[in-house]
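For reference, start-v6.cif (mmCIF, C-alpha atoms):
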data_structure
loop_
_atom_site.label_atom_id
_atom_site.label_comp_id
_atom_site.auth_asym_id
_atom_site.auth_seq_id
_atom_site.Cartn_x
_atom_site.Cartn_y
_atom_site.Cartn_z
CA MET A 1 2.52 -5.82 1.02
CA LEU A 2 -0.18 -3.89 -0.82
CA PRO A 3 -0.34 -5.45 -4.33
CA ALA A 4 -0.10 -2.09 -6.09
CA LEU A 5 3.04 -1.24 -4.13
CA ASP A 6 4.55 -4.63 -4.85
CA ASN A 7 3.93 -4.10 -8.58
CA PHE A 8 5.43 -0.63 -8.42
CA ILE A 9 8.60 -1.84 -6.70
CA SER A 10 9.08 -4.69 -9.18
CA GLY A 11 8.60 -2.36 -12.14
CA PHE A 12 10.93 0.30 -10.81
CA ARG A 13 13.65 -2.18 -9.86
CA ALA A 14 13.57 -3.40 -13.46
CA LEU A 15 14.54 0.11 -14.59
CA TYR A 16 17.77 -0.21 -12.59
CA GLU A 17 18.76 -3.16 -14.70
CA GLU A 18 19.01 -0.88 -17.74
CA ASP A 19 22.09 1.18 -18.61
CA ILE A 20 20.50 4.61 -18.08
CA ASP A 21 21.07 7.44 -15.60
CA ASP A 22 18.67 8.42 -12.84
CA LEU A 23 17.17 11.33 -14.78
CA GLU A 24 16.03 9.02 -17.55
CA ARG A 25 15.15 6.24 -15.12
CA PHE A 26 12.84 8.47 -13.07
CA GLU A 27 11.25 9.99 -16.16
CA ARG A 28 10.51 6.50 -17.44
CA GLY A 29 9.16 5.56 -14.02
CA ARG A 30 6.40 8.18 -14.12
CA PRO A 31 3.77 5.79 -15.55
CA LEU A 32 4.47 3.39 -12.68
CA LEU A 33 3.86 6.19 -10.19
CA GLU A 34 0.70 7.25 -12.06
CA THR A 35 -0.67 3.72 -11.71
CA LEU A 36 0.16 3.66 -8.01
CA LEU A 37 -1.50 7.04 -7.43
CA SER A 38 -4.72 5.79 -9.01
CA ASP A 39 -4.95 2.63 -6.90
CA PRO A 40 -8.21 2.66 -4.85
CA ASP A 41 -6.78 0.49 -2.06
CA LEU A 42 -3.87 2.90 -1.59
CA LYS A 43 -6.28 5.86 -1.47
CA ASP A 44 -8.36 4.13 1.19
CA ARG A 45 -5.32 3.50 3.38
CA ALA A 46 -4.06 7.05 2.90
CA GLU A 47 -7.06 8.43 4.76
CA ASN A 48 -5.53 7.13 8.00
CA TRP A 49 -1.91 8.08 7.39
CA PRO A 50 -0.65 10.22 10.29
CA ALA A 51 0.54 13.82 9.90
CA ARG A 52 3.09 14.78 12.56
CA ASN A 53 4.68 17.89 11.11
CA ASP A 54 5.29 20.86 13.38
CA PRO A 55 6.19 23.78 11.07
CA ALA A 56 6.56 26.21 13.97
CA ARG A 57 9.48 24.10 15.24
CA GLY A 58 10.83 23.37 11.76
CA HIS A 59 9.98 19.69 12.21
CA TYR A 60 8.78 17.61 9.27
CA GLU A 61 8.28 13.87 8.90
CA ASN A 62 8.00 11.58 5.88
CA LEU A 63 6.32 8.22 6.09
CA LEU A 64 8.81 5.67 4.78
CA PHE A 65 7.07 2.88 2.87
CA TYR A 66 10.06 1.38 1.10
CA GLU A 67 13.83 1.79 0.78
CA ASP A 68 15.38 -0.51 -1.77
CA PRO A 69 18.20 -2.62 -0.32
CA ASP A 70 20.07 -2.87 -3.64
CA TYR A 71 19.48 0.42 -5.48
CA GLY A 72 18.64 2.83 -2.67
CA PHE A 73 15.49 4.36 -4.13
CA VAL A 74 12.84 5.36 -1.59
CA LEU A 75 9.06 5.69 -1.56
CA ASN A 76 7.74 8.24 0.95
CA ALA A 77 4.58 10.12 1.79
CA LEU A 78 4.29 13.68 3.08
CA ILE A 79 1.00 14.64 4.73
CA LYS A 80 0.14 18.32 5.26
CA GLU A 81 -2.76 19.57 7.32
CA PRO A 82 -4.95 22.46 6.04
CA GLY A 83 -2.98 25.67 5.59
CA GLU A 84 0.37 24.03 6.29
CA ALA A 85 3.44 24.98 4.26
CA THR A 86 6.99 23.77 3.87
CA PRO A 87 9.98 26.07 4.20
CA VAL A 88 11.59 27.29 0.99
CA HIS A 89 13.98 24.41 0.41
CA ASP A 90 15.78 22.08 -1.96
CA HIS A 91 16.44 18.35 -1.66
CA GLY A 92 20.19 18.65 -2.00
CA GLU A 93 21.58 15.97 -4.30
CA VAL A 94 18.44 13.81 -4.14
CA LEU A 95 16.22 13.50 -7.22
CA THR A 96 12.52 13.61 -6.37
CA VAL A 97 9.31 12.78 -8.21
CA TYR A 98 6.32 14.07 -6.25
CA GLY A 99 2.84 12.75 -6.95
CA VAL A 100 -0.31 14.26 -5.42
CA LEU A 101 -2.54 11.53 -3.98
CA ALA A 102 -5.15 13.75 -2.28
CA GLY A 103 -5.85 17.43 -1.70
CA GLY A 104 -3.93 20.07 -3.61
CA GLU A 105 -1.54 22.96 -3.06
CA THR A 106 0.43 25.81 -4.58
CA VAL A 107 4.04 25.13 -5.55
CA LYS A 108 6.46 28.01 -6.09
CA ARG A 109 9.90 27.62 -7.63
CA TYR A 110 12.95 29.84 -7.15
CA ARG A 111 16.46 30.28 -8.43
CA ARG A 112 19.46 31.85 -6.73
CA THR A 113 20.66 35.13 -8.16
CA ASP A 114 23.59 35.74 -5.79
CA GLY A 115 25.96 33.45 -7.71
CA GLY A 116 26.51 31.14 -4.75
CA ALA A 117 26.91 27.39 -4.85
CA GLY A 118 23.73 25.36 -5.01
CA LEU A 119 24.27 21.86 -3.66
CA GLY A 120 27.49 22.02 -1.68
CA GLY A 121 28.26 22.81 1.92
CA GLU A 122 28.44 21.21 5.32
CA PRO A 123 25.74 21.43 8.00
CA GLY A 124 25.41 25.03 9.17
CA SER A 125 24.26 28.32 7.72
CA ASP A 126 25.37 31.08 5.40
CA ASP A 127 24.01 34.45 4.35
CA GLY A 128 23.94 36.78 1.37
CA ILE A 129 21.41 34.51 -0.35
CA GLU A 130 19.20 36.10 -3.00
CA LEU A 131 16.26 34.26 -4.53
CA GLU A 132 14.07 35.03 -7.53
CA LEU A 133 10.60 33.54 -8.01
CA VAL A 134 10.57 31.77 -11.40
CA GLY A 135 7.32 29.82 -11.34
CA GLU A 136 4.07 29.19 -9.51
CA HIS A 137 1.43 26.56 -10.19
CA GLN A 138 -1.46 24.71 -8.58
CA VAL A 139 -1.33 20.94 -8.20
CA ALA A 140 -4.24 18.51 -7.78
CA PRO A 141 -4.66 14.75 -7.31
CA GLY A 142 -2.87 12.83 -10.05
CA TYR A 143 -0.34 15.60 -10.70
CA ILE A 144 3.29 14.47 -10.85
CA ASP A 145 6.09 16.97 -10.32
CA PHE A 146 9.69 16.21 -11.36
CA VAL A 147 12.10 17.93 -8.92
CA PRO A 148 15.77 17.76 -9.99
CA PRO A 149 18.58 17.92 -7.41
CA GLY A 150 19.08 21.45 -6.10
CA ASP A 151 15.69 22.72 -7.34
CA ILE A 152 14.49 25.39 -4.86
CA HIS A 153 10.77 25.40 -4.08
CA VAL A 154 8.05 25.78 -1.47
CA GLU A 155 4.63 24.14 -1.09
CA HIS A 156 1.61 25.96 0.39
CA ASN A 157 -1.33 23.72 1.23
CA GLY A 158 -4.94 24.78 0.70
CA PRO A 159 -7.93 24.40 3.06
CA HIS A 160 -7.76 20.61 3.10
CA ARG A 161 -5.46 17.71 3.91
CA THR A 162 -2.89 17.13 1.16
CA ILE A 163 -1.02 13.86 0.68
CA GLY A 164 2.01 13.58 -1.55
CA LEU A 165 3.47 10.24 -2.61
CA ILE A 166 7.18 10.76 -3.18
CA LEU A 167 9.70 8.70 -5.14
CA ARG A 168 13.37 9.54 -4.54
CA ASN A 169 16.75 8.17 -5.58
CA GLY A 170 18.00 8.44 -2.01
CA ASN A 171 16.89 8.82 1.59
CA VAL A 172 16.49 12.54 2.35
CA GLY A 173 16.79 11.82 6.07
CA LYS A 174 20.40 10.83 5.42
CA ASN A 175 21.21 13.62 2.95
CA LEU A 176 21.84 17.33 3.45
CA GLN A 177 19.43 19.82 1.95
CA SER A 178 19.07 23.61 2.17
CA TRP A 179 16.34 25.64 3.85
CA TYR A 180 16.14 29.26 2.76
CA ASP A 181 14.86 32.35 4.58
CA GLU A 182 13.91 34.64 1.73
CA GLN A 183 13.52 37.76 3.88
CA ALA A 184 16.72 37.32 5.89
CA GLY A 185 18.75 36.16 2.88
CA THR A 186 20.06 33.10 4.70
CA ARG A 187 20.43 29.40 4.00
CA ILE A 188 20.62 26.58 6.55
CA ARG A 189 22.16 23.24 5.58
CA ARG A 190 20.48 20.39 7.46
CA TYR A 191 19.38 16.82 6.98
CA GLY A 192 15.99 16.21 5.42
CA PRO A 193 12.73 15.19 7.11
CA LYS A 194 12.65 12.48 9.74
CA GLN A 195 11.89 9.10 8.14
CA VAL A 196 9.10 7.19 9.91
CA PRO A 197 8.71 3.55 8.77
CA HIS A 198 5.11 2.73 7.85
CA VAL A 199 3.93 -0.65 6.61
CA LEU A 200 1.42 -0.77 3.74
CA GLU A 201 -0.47 -4.05 4.04
#
Go through the file and emit its structure as structure tokens.
Amino acid sequence: MLPALDNFISGFRALYEEDIDDLERFERGRPLLETLLSDPDLKDRAENWPARNDPARGHYENLLFYEDPDYGFVLNALIKEPGEATPVHDHGEVLTVYGVLAGGETVKRYRRTDGGAGLGGEPGSDDGIELELVGEHQVAPGYIDFVPPGDIHVEHNGPHRTIGLILRNGNVGKNLQSWYDEQAGTRIRRYGPKQVPHVLE
């Protein structure tokens, strides 16, 4: 295993031995992610990470580097080609810390104004959804974004390849999240991106 990744996993597992909740645990884990993002060996390997998203078909993939067998936390990567964007979405009940390894993009955040439930629901769709834009910012390499469960957002990539290194407290491929169509006022409940195992050596 890549030494920097091994160090990250050991440090983050140690946080699970403390009597704190995931919000505090992931906040305290930011410096560990910062160190990992700055590792030159990781950056070299990232140049060859595959991007297999197909936004036109609504298909997205995460590279899966590590899923902890005891505590369930996950380390992913999401690679976007130039001009690529995600749907407006949330991560359901999964807490996410998103670090930019390369490239850069625009992140917009929304909140629901229709009074509907945020995290609940079975797979399927509903309508009458109203969203309000509440924030917009640019992110660059080294930036770390804390995304609480249910936080609605979208990422628009710039004219370059963007790589995000993602720490989560669960596997989004096994958890329901919501995709929103702002114009149609609809929400689809579906499982998160396909998880593609990728070994970092």
Tell me, counting all atoms listed in the file, for each residue of range 175-201 of chain A within 7 Å of range 121-138 of chain A, which pair of atoms is nearest and how far apart they are in Å to one decimal, in rows ordered by chain and increasing number, as JSON lines.
{"residue": "A:Glu182", "atom": "CA", "partner": "A:Leu131", "partner_atom": "CA", "distance": 6.7}
{"residue": "A:Gly185", "atom": "CA", "partner": "A:Ile129", "partner_atom": "CA", "distance": 4.5}
{"residue": "A:Thr186", "atom": "CA", "partner": "A:Asp127", "partner_atom": "CA", "distance": 4.2}
{"residue": "A:Arg187", "atom": "CA", "partner": "A:Asp126", "partner_atom": "CA", "distance": 5.4}
{"residue": "A:Ile188", "atom": "CA", "partner": "A:Ser125", "partner_atom": "CA", "distance": 4.2}
{"residue": "A:Arg189", "atom": "CA", "partner": "A:Pro123", "partner_atom": "CA", "distance": 4.7}
{"residue": "A:Arg190", "atom": "CA", "partner": "A:Pro123", "partner_atom": "CA", "distance": 5.4}
Apply the PyMOL selection byres ((chain A and resi 25) around 12) to the structure shown and report the selected residues as number ranges by chain.
A: 11-24, 26-32, 73, 95-97, 146, 167-169
Please measure the separation of CA of Pro40 in chain A and CA of Glu81 in chain A, giving the value in Å to one decimal.
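Taking CA of Pro40 in chain A and CA of Glu81 in chain A, their separation equals 21.5 Å.
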Which residues of range 72-125 of chain A sit at most 10 Å from range 47-64 of chain A, using all atoms listed in the file? Give each one's shortest atom pair and distance in Å (one decimal place), in chain and ascending residue order, as CSV.
residue,atom,partner,partner_atom,distance
A:Val74,CA,A:Leu64,CA,7.5
A:Leu75,CA,A:Leu64,CA,6.3
A:Asn76,CA,A:Leu64,CA,4.7
A:Ala77,CA,A:Leu63,CA,5.0
A:Leu78,CA,A:Asn62,CA,5.1
A:Ile79,CA,A:Ala51,CA,5.3
A:Lys80,CA,A:Ala51,CA,6.5
A:Glu81,CA,A:Ala51,CA,7.1
A:Glu84,CA,A:Pro55,CA,7.5
A:Ala85,CA,A:Pro55,CA,7.4
A:Thr86,CA,A:Pro55,CA,7.2
A:Pro87,CA,A:Gly58,CA,8.1
A:Ala102,CA,A:Glu47,CA,9.0
Name the residues in contact with Pro3 in chain A at a cut-off of 9 Å, using only C-alpha atoms, excluding same-chain residues fewer than 4 positions from it; report them as a PDB file with C-alpha atoms, in the coordinates of the input.
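As written to disk, out06.pdb reads:
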ATOM      1  CA  ASN A   7       3.930  -4.100  -8.580  1.00  0.00           C
ATOM      2  CA  PHE A   8       5.430  -0.630  -8.420  1.00  0.00           C
ATOM      3  CA  GLU A 201      -0.470  -4.050   4.040  1.00  0.00           C
TER       4      GLU A 201
END
Coordinates-based distance that separates CA of Lys108 in chain A from CA of Leu42 in chain A (Å, one decimal):
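Value for the CA of Leu42 in chain A-CA of Lys108 in chain A distance: 27.5 Å.
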Surrounding residues of Val94 in chain A excluding itself and chain neighbours under 4 positions, 8 Å, all atoms listed in the file, as a PyMOL selection string
chain A and resi 148-150+168-172+175
Within 8 Å of Ala140 in chain A, counting all atoms listed in the file, which residues show up once you throw out same-chain ones fewer than 6 positions away? Write them as a list in words, please.
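Counting all atoms listed in the file, the residues come to Val100, Ala102, Gly103, Gly104 and Glu105 of chain A.
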Centre and size of axis-aligned box enclosing range 126-134 of chain A plus 8 Å each side, as lines of an AutoDock Vina configuration file:
center_x = 18.0
center_y = 33.9
center_z = -3.0
size_x = 30.8
size_y = 21.7
size_z = 32.8
Pick from A:Met1, A:Ile152, A:Ile163, A:Leu200: nearest to Pro82 in chain A, with all atoms listed in the file counted?
A:Ile163
Just give me the gap between CA of Glu155 in chain A and CA of Lys194 in chain A in Å, one decimal is fine.
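Pair CA of Glu155 in chain A / CA of Lys194 in chain A returns 17.8 Å.
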Which of these, A:Ile9, A:Ile144, A:Val154, A:Leu176, has the shortest distance to Val107 in chain A once you count all atoms listed in the file?
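Under the stated criterion, the closest residue is A:Val154.
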Would you mind telling me which residue in A:Asp145, A:Asp181, A:Glu34, A:Asp39 lies nearest to Tyr98 in chain A when using all atoms listed in the file?
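Closest to Tyr98 in chain A of all the choices is A:Asp145.
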Reconstructed range 52-71 of chain A, atom set N, CA and C atoms, as a PDB file, in the coordinates of the input:
ATOM      1  N   ARG A  52       2.452  14.367  11.298  1.00  0.00           N
ATOM      2  CA  ARG A  52       3.090  14.780  12.560  1.00  0.00           C
ATOM      3  C   ARG A  52       4.074  15.917  12.333  1.00  0.00           C
ATOM      4  N   ASN A  53       3.822  16.733  11.332  1.00  0.00           N
ATOM      5  CA  ASN A  53       4.680  17.890  11.110  1.00  0.00           C
ATOM      6  C   ASN A  53       4.400  18.951  12.178  1.00  0.00           C
ATOM      7  N   ASP A  54       5.429  19.715  12.485  1.00  0.00           N
ATOM      8  CA  ASP A  54       5.290  20.860  13.380  1.00  0.00           C
ATOM      9  C   ASP A  54       6.073  22.018  12.765  1.00  0.00           C
ATOM     10  N   PRO A  55       5.453  22.723  11.785  1.00  0.00           N
ATOM     11  CA  PRO A  55       6.190  23.780  11.070  1.00  0.00           C
ATOM     12  C   PRO A  55       6.759  24.854  11.976  1.00  0.00           C
ATOM     13  N   ALA A  56       6.076  25.159  13.074  1.00  0.00           N
ATOM     14  CA  ALA A  56       6.560  26.210  13.970  1.00  0.00           C
ATOM     15  C   ALA A  56       7.922  25.848  14.563  1.00  0.00           C
ATOM     16  N   ARG A  57       8.185  24.556  14.717  1.00  0.00           N
ATOM     17  CA  ARG A  57       9.480  24.100  15.240  1.00  0.00           C
ATOM     18  C   ARG A  57      10.430  23.671  14.121  1.00  0.00           C
ATOM     19  N   GLY A  58       9.995  23.810  12.869  1.00  0.00           N
ATOM     20  CA  GLY A  58      10.830  23.370  11.760  1.00  0.00           C
ATOM     21  C   GLY A  58      10.968  21.864  11.691  1.00  0.00           C
ATOM     22  N   HIS A  59       9.930  21.152  12.165  1.00  0.00           N
ATOM     23  CA  HIS A  59       9.980  19.690  12.210  1.00  0.00           C
ATOM     24  C   HIS A  59       9.026  19.100  11.166  1.00  0.00           C
ATOM     25  N   TYR A  60       9.572  18.265  10.305  1.00  0.00           N
ATOM     26  CA  TYR A  60       8.780  17.610   9.270  1.00  0.00           C
ATOM     27  C   TYR A  60       9.110  16.120   9.253  1.00  0.00           C
ATOM     28  N   GLU A  61       8.093  15.311   8.966  1.00  0.00           N
ATOM     29  CA  GLU A  61       8.280  13.870   8.900  1.00  0.00           C
ATOM     30  C   GLU A  61       7.764  13.338   7.561  1.00  0.00           C
ATOM     31  N   ASN A  62       8.458  12.351   7.037  1.00  0.00           N
ATOM     32  CA  ASN A  62       8.000  11.580   5.880  1.00  0.00           C
ATOM     33  C   ASN A  62       7.669  10.176   6.349  1.00  0.00           C
ATOM     34  N   LEU A  63       6.538   9.637   5.917  1.00  0.00           N
ATOM     35  CA  LEU A  63       6.320   8.220   6.090  1.00  0.00           C
ATOM     36  C   LEU A  63       7.246   7.486   5.124  1.00  0.00           C
ATOM     37  N   LEU A  64       7.880   6.453   5.594  1.00  0.00           N
ATOM     38  CA  LEU A  64       8.810   5.670   4.780  1.00  0.00           C
ATOM     39  C   LEU A  64       8.171   4.317   4.502  1.00  0.00           C
ATOM     40  N   PHE A  65       7.703   4.130   3.258  1.00  0.00           N
ATOM     41  CA  PHE A  65       7.070   2.880   2.870  1.00  0.00           C
ATOM     42  C   PHE A  65       8.075   1.848   2.393  1.00  0.00           C
ATOM     43  N   TYR A  66       9.125   2.336   1.706  1.00  0.00           N
ATOM     44  CA  TYR A  66      10.060   1.380   1.100  1.00  0.00           C
ATOM     45  C   TYR A  66      11.387   2.059   0.820  1.00  0.00           C
ATOM     46  N   GLU A  67      12.474   1.370   1.157  1.00  0.00           N
ATOM     47  CA  GLU A  67      13.830   1.790   0.780  1.00  0.00           C
ATOM     48  C   GLU A  67      14.517   0.581   0.183  1.00  0.00           C
ATOM     49  N   ASP A  68      14.885   0.670  -1.081  1.00  0.00           N
ATOM     50  CA  ASP A  68      15.380  -0.510  -1.770  1.00  0.00           C
ATOM     51  C   ASP A  68      16.761  -0.912  -1.254  1.00  0.00           C
ATOM     52  N   PRO A  69      16.928  -2.175  -0.896  1.00  0.00           N
ATOM     53  CA  PRO A  69      18.200  -2.620  -0.320  1.00  0.00           C
ATOM     54  C   PRO A  69      19.341  -2.680  -1.326  1.00  0.00           C
ATOM     55  N   ASP A  70      19.034  -2.758  -2.614  1.00  0.00           N
ATOM     56  CA  ASP A  70      20.070  -2.870  -3.640  1.00  0.00           C
ATOM     57  C   ASP A  70      20.364  -1.538  -4.330  1.00  0.00           C
ATOM     58  N   TYR A  71      19.319  -0.776  -4.647  1.00  0.00           N
ATOM     59  CA  TYR A  71      19.480   0.420  -5.480  1.00  0.00           C
ATOM     60  C   TYR A  71      19.267   1.724  -4.716  1.00  0.00           C
TER      61      TYR A  71
END
